[in-house]
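Comments concern the structure below.
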Amino acid sequence: MHRLNNKRILLGITGGIAAYKSAEMVRHLRKAGAEVHVIMTPAACEFITPLTLQALSGNTVHTSMLDPKAEAGMGHIELAKWADAVVIAPASADFIARMAAGMGNDLLSTMCLVTQAPIYLAPAMNQGMWLDVATQKNCETLTNRGVKMFGPDEGYQACGDVGPGRMLDPEVILQMLAEQFDTGLLAGKKVVITAGPTREAIDPVRYISNHSSGKMGFALASAAAEAGASVTLISGPVNLETPERVNRIDVTDARSMYAAAMEHTENSDMFIGCAAVADYRPETVADAKIKKDPNEPDQTMAIKLVRNPDIVASVAAKENRPFVVGFAAETNNVIEYATDKRQRKNLDLIIANDVSDASIGFNSEDNAVTLVGPDFEEPLTKSSKRLLANQLIELIARYYNETSEPASDHATDVS
Ligand code: PMT
């Protein structure tokens, strides 16, 4: 079921006794990590209440195109574009007929006309209705248009008949749905990523920081989510929108980033330290703004700095450590220093970034890096951070999947 993790499923429910099974479907979908929105036809509301589906899906249930409250949350066009897949279960004979005719006379049928997402129907009706030549013809029309049928099942029916027309069990529908998605390379994995700079306060208005924009880390978070992972992005102060399907945690200084990283890497599978963490912070932070002496124009000032915790090395030193990937921002001897950092910090992989070139690295749109492992170096040529992140996540995930045991071949240095 990992394939459903992070997927956006729009569940359509039409009027039929099998509508009660939809509640179970929503529960299973959520358990599999999918995000679920529900559209019910007016007839479906006669069999099960929208409130039940709302409680189970965690989202407002959509029942009418003319409901200003639901449309204000996510309008039907947005909903149609949002979905990775549309599942209509149960799909009644009436709904199948309306869909085959291309009608848009309620919210669900209109949404089916708009969406580009694949549509799956789980028919549920009396065996006579299912076997009727009109229903069969309608199903053939829809199948020819690319709509897929899940079922129906055969057996005892609510009306007392025996034959084909029963809705498949929710677990079977879910299994069939899961098989429609490619296995993402990180499907079902929990990935924690740090991004951006940290700010180390000097006084209430001043701080020490660096030029990291967060672009590289955010692009990695987006690519990891795209690969099927549940992603937690721990970000320093940046001016970027949270990537879709990513859980973002904002922090300010190195110690709060450290605390968040230690907490969220419990039971995680992978950690990628992309943040430009300040190695030092002022030993003391002044309570009030530090004033200069107007009578001493040559006055100097010294700030004593103390070391910050090394986040990536501390995660790598955990007893139940995830697979750990670090970055090395270097201006000279890039590969040599990166290799040394990988070993000292006990990292599985490190990404060497030559930041002496202003067009790659801090606050640039593009980047070029070398992925360094225990026995390989893989240079990735200059491209946008988004494309580079996709390449990196693919390489990292493949290596991770091949070597499930984390590296433990080196001493750990968390100083
Ligand atoms: O944010 P952008 O503008 O897109 O720029 C991207 C980037 C240049 C910041 C990114 O590609 C990058 O190189 N990030 C690592 C920056 C860095 O601090 O490198 P470092 O060589 O000083 O640190 C080595 C590793 O230790 C890094 O994984 C870093 O996150 C980690 N570290 C460092 C210090 C510390 N106290 N804790 C850490 O976890």
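Chain identifiers are assigned as A, B, and so on, following the order in which chains appear in the structure tokens; residues are numbered from 1 within each chain, and ligands are numbered from 1 in order of appearance.
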Could I get the residue neighbourhood of ligand 1 at 8 Å, counting only C-alpha atoms and all ligand atoms, as number ranges by chain? A: 194-197, 211-218, 254, 258, 272-280, 307-314, 325-330, 338, 341, 350-355, 360-365, 367, 385
Among stretch 129-360 of chain A, which ones does DSSP place in strand (DSSP E), written as an MDAnalysis selection string? chainID A and resid 148:149 153:156 162:166 190:195 200:203 206:208 230:235 246:250 270:273 280:282 305:307 323:330 349:354
To one decimal place, how far is atom CA of A:Ala117 from atom CA of A:Pro164 in Å? 27.7 Å
Determine, counting only C-alpha atoms, which protein, DNA and RNA residues have an atom within 10 Å of an atom of stretch 144-146 of chain A; residues of the same chain fewer than 5 positions away are not included. Present the result as a PyMOL selection string. chain A and resi 100+118-120+138-139
Residues flagged helix (DSSP H, G or I) by DSSP in stretch 184-318 of chain A, as a ChimeraX atom specification: /A:215-226,254-264,311-316
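Interatomic distance, atom CA of A:Ala221 to atom CA of A:Val192: 8.3 Å.
With distances restricted to only C-alpha atoms, A:Met65 is the closest residue to A:Asp106 from A:Ala32, A:Ile39, A:Met125, A:Met65.
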If we count only C-alpha atoms and set the cut-off at 12 Å, which residues sit around stretch 226-229 of chain A, ignoring sequence neighbours fewer than 6 positions away in its own chain? Please answer as an MDAnalysis selection string. chainID A and resid 1:8 32:34 84 181:193 219:220 243:247 268:271 386 389:398
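Compared by their closest atoms to A:Arg281, and using only C-alpha atoms, the residues A:Arg344, A:Asn210, A:Thr339, A:Arg199 rank with A:Arg199 nearest.
What separates atom CA of A:Ala316 from atom CA of A:Thr403 is a distance of 16.0 Å.
Shortest separation to A:Asn267 among A:Pro322, A:Gly236, A:Gly128, A:Gly12 occurs at residue A:Pro322, atoms counted being only C-alpha atoms.
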